[in-house]
>>> print(open('final04.cif').read())   # mmCIF, C-alpha atoms and all ligand atoms
data_work
loop_
_atom_site.label_atom_id
_atom_site.label_comp_id
_atom_site.auth_asym_id
_atom_site.auth_seq_id
_atom_site.Cartn_x
_atom_site.Cartn_y
_atom_site.Cartn_z
CA MET A 20 -27.44 13.86 -1.40
CA ILE A 21 -29.54 11.20 0.16
CA THR A 22 -33.01 11.93 -0.93
CA ARG A 23 -34.44 13.19 -4.12
CA ARG A 24 -37.90 13.88 -5.34
CA ALA A 25 -38.97 12.77 -8.74
CA LEU A 26 -41.30 15.60 -9.42
CA LEU A 27 -41.60 18.60 -11.66
CA ALA A 28 -40.24 16.59 -14.54
CA SER A 29 -39.83 19.67 -16.67
CA ALA A 30 -38.21 19.71 -20.06
CA GLY A 31 -35.40 21.83 -18.71
CA ALA A 32 -32.67 20.83 -21.07
CA VAL A 33 -32.57 20.66 -24.83
CA CYS A 34 -31.22 17.29 -25.82
CA VAL A 35 -28.84 17.47 -28.71
CA ALA A 36 -27.07 14.14 -28.70
CA GLY A 37 -23.64 13.88 -30.19
CA ILE A 38 -23.13 17.55 -30.82
CA ALA A 39 -20.51 19.35 -28.79
CA ARG A 40 -22.07 22.65 -27.91
CA PRO A 41 -21.84 25.08 -25.06
CA ALA A 42 -24.89 24.51 -22.89
CA LEU A 43 -24.68 28.01 -21.53
CA ALA A 44 -25.54 29.74 -24.79
CA GLU A 45 -28.91 28.02 -25.06
CA ASN A 46 -29.87 27.36 -21.52
CA GLY A 47 -29.04 30.34 -19.38
CA PRO A 48 -27.10 30.23 -16.14
CA VAL A 49 -27.03 27.83 -13.25
CA VAL A 50 -27.66 30.18 -10.35
CA LEU A 51 -26.18 29.56 -6.91
CA VAL A 52 -28.29 31.13 -4.17
CA PRO A 53 -26.56 31.52 -0.78
CA LEU A 54 -29.18 31.06 1.95
CA GLY A 55 -28.75 32.36 5.47
CA GLY A 56 -25.23 32.65 6.75
CA ILE A 57 -23.31 30.29 4.49
CA PRO A 58 -19.77 31.70 4.17
CA ALA A 59 -18.69 33.08 0.80
CA LEU A 60 -15.82 30.59 0.88
CA GLU A 61 -18.25 27.68 0.83
CA VAL A 62 -20.12 29.22 -2.10
CA SER A 63 -16.84 29.45 -4.03
CA ILE A 64 -15.99 25.84 -3.14
CA VAL A 65 -19.29 24.75 -4.70
CA GLN A 66 -18.73 26.95 -7.74
CA ARG A 67 -15.28 25.49 -8.34
CA ALA A 68 -16.43 21.87 -7.95
CA LEU A 69 -19.34 22.33 -10.36
CA SER A 70 -17.13 24.06 -12.93
CA VAL A 71 -14.94 20.95 -13.17
CA PHE A 72 -17.88 18.77 -14.26
CA TYR A 73 -20.68 20.80 -15.83
CA ALA A 74 -20.46 22.84 -19.01
CA VAL A 75 -22.76 25.55 -17.76
CA GLN A 76 -22.48 29.19 -16.83
CA LEU A 77 -22.33 29.47 -13.04
CA VAL A 78 -23.57 32.64 -11.38
CA ALA A 79 -23.60 33.29 -7.63
CA GLU A 80 -26.38 35.56 -6.42
CA ALA A 81 -26.30 37.82 -3.37
CA PRO A 82 -27.14 36.00 -0.14
CA ARG A 83 -30.79 35.68 0.85
CA ALA A 84 -32.39 35.04 4.22
CA LEU A 85 -33.59 31.51 4.83
CA PRO A 86 -37.36 31.44 4.24
CA LYS A 87 -39.13 31.44 7.60
CA ALA A 88 -41.83 29.17 6.19
CA ALA A 89 -39.24 26.40 5.80
CA TYR A 90 -38.26 26.37 9.49
CA TYR A 91 -39.27 23.29 11.48
CA PRO A 92 -39.10 24.37 15.12
CA ALA A 93 -39.62 20.89 16.58
CA ARG A 94 -36.16 19.89 15.36
CA GLY A 95 -34.56 23.27 14.75
CA ARG A 96 -34.09 22.38 11.10
CA TYR A 97 -35.17 23.70 7.73
CA ARG A 98 -37.38 21.52 5.58
CA ALA A 99 -35.64 21.00 2.27
CA GLU A 100 -38.79 20.60 0.16
CA ARG A 101 -40.00 23.98 1.40
CA LEU A 102 -36.64 25.50 0.49
CA LEU A 103 -37.08 24.02 -2.99
CA SER A 104 -40.56 25.51 -3.26
CA ALA A 105 -39.23 28.95 -2.31
CA LEU A 106 -36.40 28.67 -4.85
CA GLU A 107 -38.83 27.57 -7.56
CA THR A 108 -41.17 30.45 -6.81
CA SER A 109 -38.42 33.05 -7.06
CA ALA A 110 -36.67 31.53 -10.10
CA GLN A 111 -36.64 33.54 -13.31
CA ALA A 112 -37.52 32.05 -16.66
CA SER A 113 -34.02 32.72 -17.97
CA GLN A 114 -32.42 30.65 -15.22
CA PHE A 115 -31.49 27.12 -16.29
CA ARG A 116 -31.09 25.70 -12.80
CA VAL A 117 -31.20 27.19 -9.28
CA LEU A 118 -29.15 25.64 -6.49
CA GLY A 119 -29.71 26.86 -2.94
CA LEU A 120 -26.69 26.69 -0.61
CA ALA A 121 -27.12 26.62 3.16
CA ASN A 122 -25.07 25.80 6.22
CA VAL A 123 -27.94 24.93 8.56
CA ASP A 124 -29.39 21.49 9.23
CA ILE A 125 -31.90 20.57 6.51
CA SER A 126 -34.32 17.66 6.43
CA THR A 127 -37.14 15.98 4.60
CA THR A 128 -39.48 13.01 5.01
CA LYS A 129 -37.94 9.67 4.06
CA GLY A 130 -40.21 6.65 4.11
CA SER A 131 -41.62 6.26 7.62
CA ILE A 132 -39.20 8.84 9.06
CA ALA A 133 -41.04 12.13 9.29
CA ASP A 134 -38.00 14.34 9.59
CA TRP A 135 -34.75 12.95 8.24
CA GLY A 136 -31.60 15.04 8.14
CA ILE A 137 -30.04 15.24 4.70
CA LEU A 138 -27.09 16.69 2.80
CA GLY A 139 -29.24 17.91 -0.06
CA LEU A 140 -32.41 17.50 -2.06
CA ALA A 141 -33.14 18.13 -5.71
CA THR A 142 -35.85 17.68 -8.28
CA LEU A 143 -35.07 14.94 -10.78
CA ASP A 144 -34.70 16.63 -14.16
CA GLY A 145 -36.25 19.69 -12.58
CA ARG A 146 -35.04 23.18 -12.04
CA VAL A 147 -34.16 23.43 -8.36
CA GLY A 148 -31.91 21.81 -5.79
CA VAL A 149 -30.65 22.67 -2.33
CA LEU A 150 -27.75 21.48 -0.22
CA SER A 151 -26.12 22.27 3.08
CA SER A 152 -22.59 22.11 4.44
CA PHE A 153 -24.00 21.24 7.87
CA ARG A 154 -23.56 17.47 7.64
CA CYS A 155 -20.29 17.80 5.71
CA ARG A 156 -18.72 18.97 8.96
CA ARG A 157 -19.55 15.79 10.86
CA ALA A 158 -16.36 14.08 12.06
CA ALA A 159 -14.42 15.89 9.35
CA LYS A 160 -10.63 15.72 9.64
CA ASN A 161 -9.96 19.31 8.58
CA PRO A 162 -11.41 22.19 6.52
CA GLU A 163 -10.23 20.59 3.27
CA HIS A 164 -12.20 17.45 4.10
CA ILE A 165 -15.35 19.54 4.59
CA ALA A 166 -14.70 21.35 1.31
CA HIS A 167 -14.31 18.08 -0.59
CA ARG A 168 -17.55 16.70 0.82
CA LEU A 169 -19.38 19.92 0.03
CA GLY A 170 -18.12 19.96 -3.55
CA LYS A 171 -19.09 16.33 -4.09
CA THR A 172 -22.56 16.96 -2.65
CA ALA A 173 -23.05 19.88 -5.04
CA VAL A 174 -22.06 17.78 -8.06
CA HIS A 175 -24.51 15.10 -6.88
CA GLU A 176 -27.48 17.42 -6.38
CA LEU A 177 -27.00 19.36 -9.61
CA GLY A 178 -26.64 15.97 -11.33
CA HIS A 179 -30.17 15.08 -10.16
CA THR A 180 -31.54 18.27 -11.74
CA PHE A 181 -29.87 17.19 -14.98
CA GLY A 182 -31.75 13.89 -14.89
CA LEU A 183 -29.17 11.67 -13.21
CA GLU A 184 -30.71 9.19 -10.78
CA HIS A 185 -28.84 7.37 -8.03
CA CYS A 186 -26.09 5.27 -9.54
CA PRO A 187 -25.33 1.64 -8.63
CA ASN A 188 -21.61 2.04 -9.42
CA ALA A 189 -19.67 2.22 -6.14
CA GLY A 190 -17.54 5.33 -5.95
CA CYS A 191 -19.62 7.31 -8.44
CA LEU A 192 -20.58 10.76 -7.23
CA MET A 193 -24.23 9.87 -7.95
CA GLU A 194 -24.22 6.99 -5.47
CA ASP A 195 -27.07 7.01 -2.96
CA GLY A 196 -25.65 8.28 0.30
CA GLN A 197 -28.14 6.19 2.32
CA GLY A 198 -28.17 8.70 5.11
CA SER A 199 -24.44 9.17 5.66
CA VAL A 200 -21.94 11.79 4.60
CA LEU A 201 -19.32 9.05 4.81
CA THR A 202 -20.41 7.83 1.38
CA THR A 203 -18.89 10.95 -0.14
CA ASP A 204 -15.51 9.99 1.32
CA ARG A 205 -15.22 7.00 -0.98
CA GLU A 206 -16.32 8.90 -4.07
CA PHE A 207 -14.08 10.60 -6.61
CA ASP A 208 -15.67 11.10 -10.01
CA LEU A 209 -18.82 10.55 -12.04
CA CYS A 210 -18.78 7.06 -13.58
CA GLU A 211 -18.72 6.56 -17.35
CA SER A 212 -22.44 5.79 -17.44
CA CYS A 213 -23.38 9.02 -15.70
CA ARG A 214 -20.85 10.94 -17.81
CA SER A 215 -22.33 9.63 -21.04
CA LYS A 216 -25.83 10.75 -20.01
CA LEU A 217 -24.57 14.25 -19.29
CA GLY A 218 -22.48 14.27 -22.44
CA ALA A 219 -25.53 13.42 -24.54
CA ARG A 220 -27.16 16.58 -23.24
CA GLY A 221 -24.08 18.70 -23.85
CA LEU A 222 -23.63 19.31 -20.14
CA LEU A 223 -20.23 17.77 -19.58
CA VAL A 224 -16.97 19.71 -19.46
CA SER A 225 -14.63 18.66 -22.22
CA PRO A 226 -11.78 17.87 -22.12
CA ARG A 227 -12.23 16.04 -18.89
CA ALA A 228 -10.72 17.77 -15.87
CA LEU A 229 -9.48 16.24 -12.62
CA PRO A 230 -11.86 16.63 -9.67
CA PRO A 231 -10.65 19.11 -7.05
CA TRP A 232 -10.25 16.42 -4.35
CA PRO A 233 -7.90 13.51 -3.85
CA LYS A 234 -8.61 9.94 -4.88
CA PRO A 235 -9.90 7.93 -1.90
ZN ZN A 301 -29.22 11.82 -4.36
ZN ZN A 302 -22.63 6.85 -12.00
#
>>> encode(input="final04.cif", output="structure tokens")
Amino acid sequence: MITRRALLASAGAVCVAGIARPALAENGPVVLVPLGGIPALEVSIVQRALSVFYAVQLVAEAPRALPKAAYYPARGRYRAERLLSALETSAQASQFRVLGLANVDISTTKGSIADWGILGLATLDGRVGVLSSFRCRRAAKNPEHIAHRLGKTAVHELGHTFGLEHCPNAGCLMEDGQGSVLTTDREFDLCESCRSKLGARGLLVSPRALPPWPKP
């Protein structure tokens, strides 16, 4: 959510502007990889949220253990860039995107802060992303609130892998969280600018569907 890395700028998507086509036929599936003990319910919440926005085939894999190499014992967290590396290493050529889903605290380096807790991290226009429900639970009103935040975070991180950068439009799901899950609480939908970029790549669900969370 908060931090992204502009690396691995791979030509992951075929750009066919103006032509309505199913992305899934050409591009292979977007694979959700449950990491560690994330509940199946949270995986299905992510799957549902993504299906409202992205015209891709979504496949959930069997859960995997969190890679030990990503653990940062000094803070009891998992380093998100190491999770991305592990996901990239295990990805198959036929997989369009790979999104790791965790429920532990994840972190990365942000500016002068060596270990900064984050909601998620993704490669910009790259193949892999990772997110965690851990910070979605902070001061949440109820389970639905957590689910809404988790779904919004997933749309945000997968959006990065589809080339969307942080968006200056307040309330857009691609807004920069600036370190707080509270940003998600004021978000509802992707803005028209972000939608048009996805649409140009044939990645947007049409006709438009209502997000599975209430308007703020
Ligand atoms: Zn972001
Ligand atoms: Zn936007």
>>> residues_near_ligand(input="final04.cif", ligand="ligand ZN 302 (chain A)", cutoff="6 Å", atoms="only C-alpha atoms and all ligand atoms", output="PyMOL selection string")
chain A and resi 186+188+191+193+209-210+212-213
>>> write_last_selection(input="final04.cif", atoms="C-alpha atoms", output="PDB file, keeping the file's coordinate frame")
ATOM      1  CA  CYS A 186     -26.090   5.270  -9.540  1.00  0.00           C
ATOM      2  CA  ASN A 188     -21.610   2.040  -9.420  1.00  0.00           C
ATOM      3  CA  CYS A 191     -19.620   7.310  -8.440  1.00  0.00           C
ATOM      4  CA  MET A 193     -24.230   9.870  -7.950  1.00  0.00           C
ATOM      5  CA  LEU A 209     -18.820  10.550 -12.040  1.00  0.00           C
ATOM      6  CA  CYS A 210     -18.780   7.060 -13.580  1.00  0.00           C
ATOM      7  CA  SER A 212     -22.440   5.790 -17.440  1.00  0.00           C
ATOM      8  CA  CYS A 213     -23.380   9.020 -15.700  1.00  0.00           C
TER       9      CYS A 213
END
>>> closest_residue(input="final04.cif", among="A:His185, A:Arg146, A:Lys87, A:Arg157", to="ligand ZN 301 (chain A)", atoms="only C-alpha atoms and all ligand atoms")
A:His185
>>> closest_atom_pairs(input="final04.cif", of="chain A", to="ligand ZN 301 (chain A)", cutoff="10 Å", atoms="only C-alpha atoms and all ligand atoms", output="JSON lines")
{"residue": "A:Met20", "atom": "CA", "partner": "A:ZN301", "partner_atom": "ZN", "distance": 4.0}
{"residue": "A:Ile21", "atom": "CA", "partner": "A:ZN301", "partner_atom": "ZN", "distance": 4.6}
{"residue": "A:Thr22", "atom": "CA", "partner": "A:ZN301", "partner_atom": "ZN", "distance": 5.1}
{"residue": "A:Arg23", "atom": "CA", "partner": "A:ZN301", "partner_atom": "ZN", "distance": 5.4}
{"residue": "A:Arg24", "atom": "CA", "partner": "A:ZN301", "partner_atom": "ZN", "distance": 9.0}
{"residue": "A:Ile137", "atom": "CA", "partner": "A:ZN301", "partner_atom": "ZN", "distance": 9.7}
{"residue": "A:Leu138", "atom": "CA", "partner": "A:ZN301", "partner_atom": "ZN", "distance": 8.9}
{"residue": "A:Gly139", "atom": "CA", "partner": "A:ZN301", "partner_atom": "ZN", "distance": 7.5}
{"residue": "A:Leu140", "atom": "CA", "partner": "A:ZN301", "partner_atom": "ZN", "distance": 6.9}
{"residue": "A:Ala141", "atom": "CA", "partner": "A:ZN301", "partner_atom": "ZN", "distance": 7.6}
{"residue": "A:Thr142", "atom": "CA", "partner": "A:ZN301", "partner_atom": "ZN", "distance": 9.7}
{"residue": "A:Leu143", "atom": "CA", "partner": "A:ZN301", "partner_atom": "ZN", "distance": 9.2}
{"residue": "A:Thr172", "atom": "CA", "partner": "A:ZN301", "partner_atom": "ZN", "distance": 8.6}
{"residue": "A:His175", "atom": "CA", "partner": "A:ZN301", "partner_atom": "ZN", "distance": 6.3}
{"residue": "A:Glu176", "atom": "CA", "partner": "A:ZN301", "partner_atom": "ZN", "distance": 6.2}
{"residue": "A:Leu177", "atom": "CA", "partner": "A:ZN301", "partner_atom": "ZN", "distance": 9.5}
{"residue": "A:Gly178", "atom": "CA", "partner": "A:ZN301", "partner_atom": "ZN", "distance": 8.5}
{"residue": "A:His179", "atom": "CA", "partner": "A:ZN301", "partner_atom": "ZN", "distance": 6.7}
{"residue": "A:Leu183", "atom": "CA", "partner": "A:ZN301", "partner_atom": "ZN", "distance": 8.9}
{"residue": "A:Glu184", "atom": "CA", "partner": "A:ZN301", "partner_atom": "ZN", "distance": 7.1}
{"residue": "A:His185", "atom": "CA", "partner": "A:ZN301", "partner_atom": "ZN", "distance": 5.8}
{"residue": "A:Cys186", "atom": "CA", "partner": "A:ZN301", "partner_atom": "ZN", "distance": 8.9}
{"residue": "A:Leu192", "atom": "CA", "partner": "A:ZN301", "partner_atom": "ZN", "distance": 9.2}
{"residue": "A:Met193", "atom": "CA", "partner": "A:ZN301", "partner_atom": "ZN", "distance": 6.4}
{"residue": "A:Glu194", "atom": "CA", "partner": "A:ZN301", "partner_atom": "ZN", "distance": 7.0}
{"residue": "A:Asp195", "atom": "CA", "partner": "A:ZN301", "partner_atom": "ZN", "distance": 5.5}
{"residue": "A:Gly196", "atom": "CA", "partner": "A:ZN301", "partner_atom": "ZN", "distance": 6.9}
{"residue": "A:Gln197", "atom": "CA", "partner": "A:ZN301", "partner_atom": "ZN", "distance": 8.8}
>>> atom_distance(input="final04.cif", atom1="CA of Glu206 (chain A)", atom2="CA of Ala68 (chain A)")
13.5 Å
>>> atom_distance(input="final04.cif", atom1="CA of Ser109 (chain A)", atom2="CA of Ile165 (chain A)")
29.2 Å
>>> atom_distance(input="final04.cif", atom1="CA of Arg67 (chain A)", atom2="CA of Pro230 (chain A)")
9.6 Å
>>> residues_around(input="final04.cif", residues="region 46-58 of chain A", least_positions_apart="4", cutoff="10 Å", atoms="only C-alpha atoms", output="PDB file with C-alpha atoms, in the frame of the given file")
ATOM      1  CA  GLY A  31     -35.400  21.830 -18.710  1.00  0.00           C
ATOM      2  CA  ALA A  32     -32.670  20.830 -21.070  1.00  0.00           C
ATOM      3  CA  VAL A  33     -32.570  20.660 -24.830  1.00  0.00           C
ATOM      4  CA  PRO A  41     -21.840  25.080 -25.060  1.00  0.00           C
ATOM      5  CA  ALA A  42     -24.890  24.510 -22.890  1.00  0.00           C
ATOM      6  CA  VAL A  62     -20.120  29.220  -2.100  1.00  0.00           C
ATOM      7  CA  SER A  63     -16.840  29.450  -4.030  1.00  0.00           C
ATOM      8  CA  VAL A  65     -19.290  24.750  -4.700  1.00  0.00           C
ATOM      9  CA  GLN A  66     -18.730  26.950  -7.740  1.00  0.00           C
ATOM     10  CA  LEU A  69     -19.340  22.330 -10.360  1.00  0.00           C
ATOM     11  CA  TYR A  73     -20.680  20.800 -15.830  1.00  0.00           C
ATOM     12  CA  VAL A  75     -22.760  25.550 -17.760  1.00  0.00           C
ATOM     13  CA  GLN A  76     -22.480  29.190 -16.830  1.00  0.00           C
ATOM     14  CA  LEU A  77     -22.330  29.470 -13.040  1.00  0.00           C
ATOM     15  CA  VAL A  78     -23.570  32.640 -11.380  1.00  0.00           C
ATOM     16  CA  ALA A  79     -23.600  33.290  -7.630  1.00  0.00           C
ATOM     17  CA  GLU A  80     -26.380  35.560  -6.420  1.00  0.00           C
ATOM     18  CA  ALA A  81     -26.300  37.820  -3.370  1.00  0.00           C
ATOM     19  CA  PRO A  82     -27.140  36.000  -0.140  1.00  0.00           C
ATOM     20  CA  ARG A  83     -30.790  35.680   0.850  1.00  0.00           C
ATOM     21  CA  ALA A  84     -32.390  35.040   4.220  1.00  0.00           C
ATOM     22  CA  LEU A  85     -33.590  31.510   4.830  1.00  0.00           C
ATOM     23  CA  PRO A  86     -37.360  31.440   4.240  1.00  0.00           C
ATOM     24  CA  LEU A 102     -36.640  25.500   0.490  1.00  0.00           C
ATOM     25  CA  LEU A 106     -36.400  28.670  -4.850  1.00  0.00           C
ATOM     26  CA  ALA A 110     -36.670  31.530 -10.100  1.00  0.00           C
ATOM     27  CA  ALA A 112     -37.520  32.050 -16.660  1.00  0.00           C
ATOM     28  CA  SER A 113     -34.020  32.720 -17.970  1.00  0.00           C
ATOM     29  CA  GLN A 114     -32.420  30.650 -15.220  1.00  0.00           C
ATOM     30  CA  PHE A 115     -31.490  27.120 -16.290  1.00  0.00           C
ATOM     31  CA  ARG A 116     -31.090  25.700 -12.800  1.00  0.00           C
ATOM     32  CA  VAL A 117     -31.200  27.190  -9.280  1.00  0.00           C
ATOM     33  CA  LEU A 118     -29.150  25.640  -6.490  1.00  0.00           C
ATOM     34  CA  GLY A 119     -29.710  26.860  -2.940  1.00  0.00           C
ATOM     35  CA  LEU A 120     -26.690  26.690  -0.610  1.00  0.00           C
ATOM     36  CA  ALA A 121     -27.120  26.620   3.160  1.00  0.00           C
ATOM     37  CA  ASN A 122     -25.070  25.800   6.220  1.00  0.00           C
ATOM     38  CA  VAL A 123     -27.940  24.930   8.560  1.00  0.00           C
ATOM     39  CA  ARG A 146     -35.040  23.180 -12.040  1.00  0.00           C
ATOM     40  CA  VAL A 147     -34.160  23.430  -8.360  1.00  0.00           C
ATOM     41  CA  GLY A 148     -31.910  21.810  -5.790  1.00  0.00           C
ATOM     42  CA  VAL A 149     -30.650  22.670  -2.330  1.00  0.00           C
ATOM     43  CA  LEU A 150     -27.750  21.480  -0.220  1.00  0.00           C
ATOM     44  CA  SER A 151     -26.120  22.270   3.080  1.00  0.00           C
ATOM     45  CA  SER A 152     -22.590  22.110   4.440  1.00  0.00           C
ATOM     46  CA  PHE A 153     -24.000  21.240   7.870  1.00  0.00           C
ATOM     47  CA  LEU A 177     -27.000  19.360  -9.610  1.00  0.00           C
TER      48      LEU A 177
END
>>> closest_residue(input="final04.cif", among="A:Asp204, A:Ala133, A:Pro187, A:Phe181", to="Ala74 (chain A)", atoms="only C-alpha atoms")
A:Phe181
>>> closest_residue(input="final04.cif", among="A:Arg214, A:Arg154, A:Arg98, A:Arg220", to="Ala166 (chain A)", atoms="only C-alpha atoms")
A:Arg154
>>> closest_residue(input="final04.cif", among="A:Thr180, A:Thr127, A:Ser199, A:Ser225", to="Tyr91 (chain A)", atoms="all atoms listed in the file")
A:Thr127
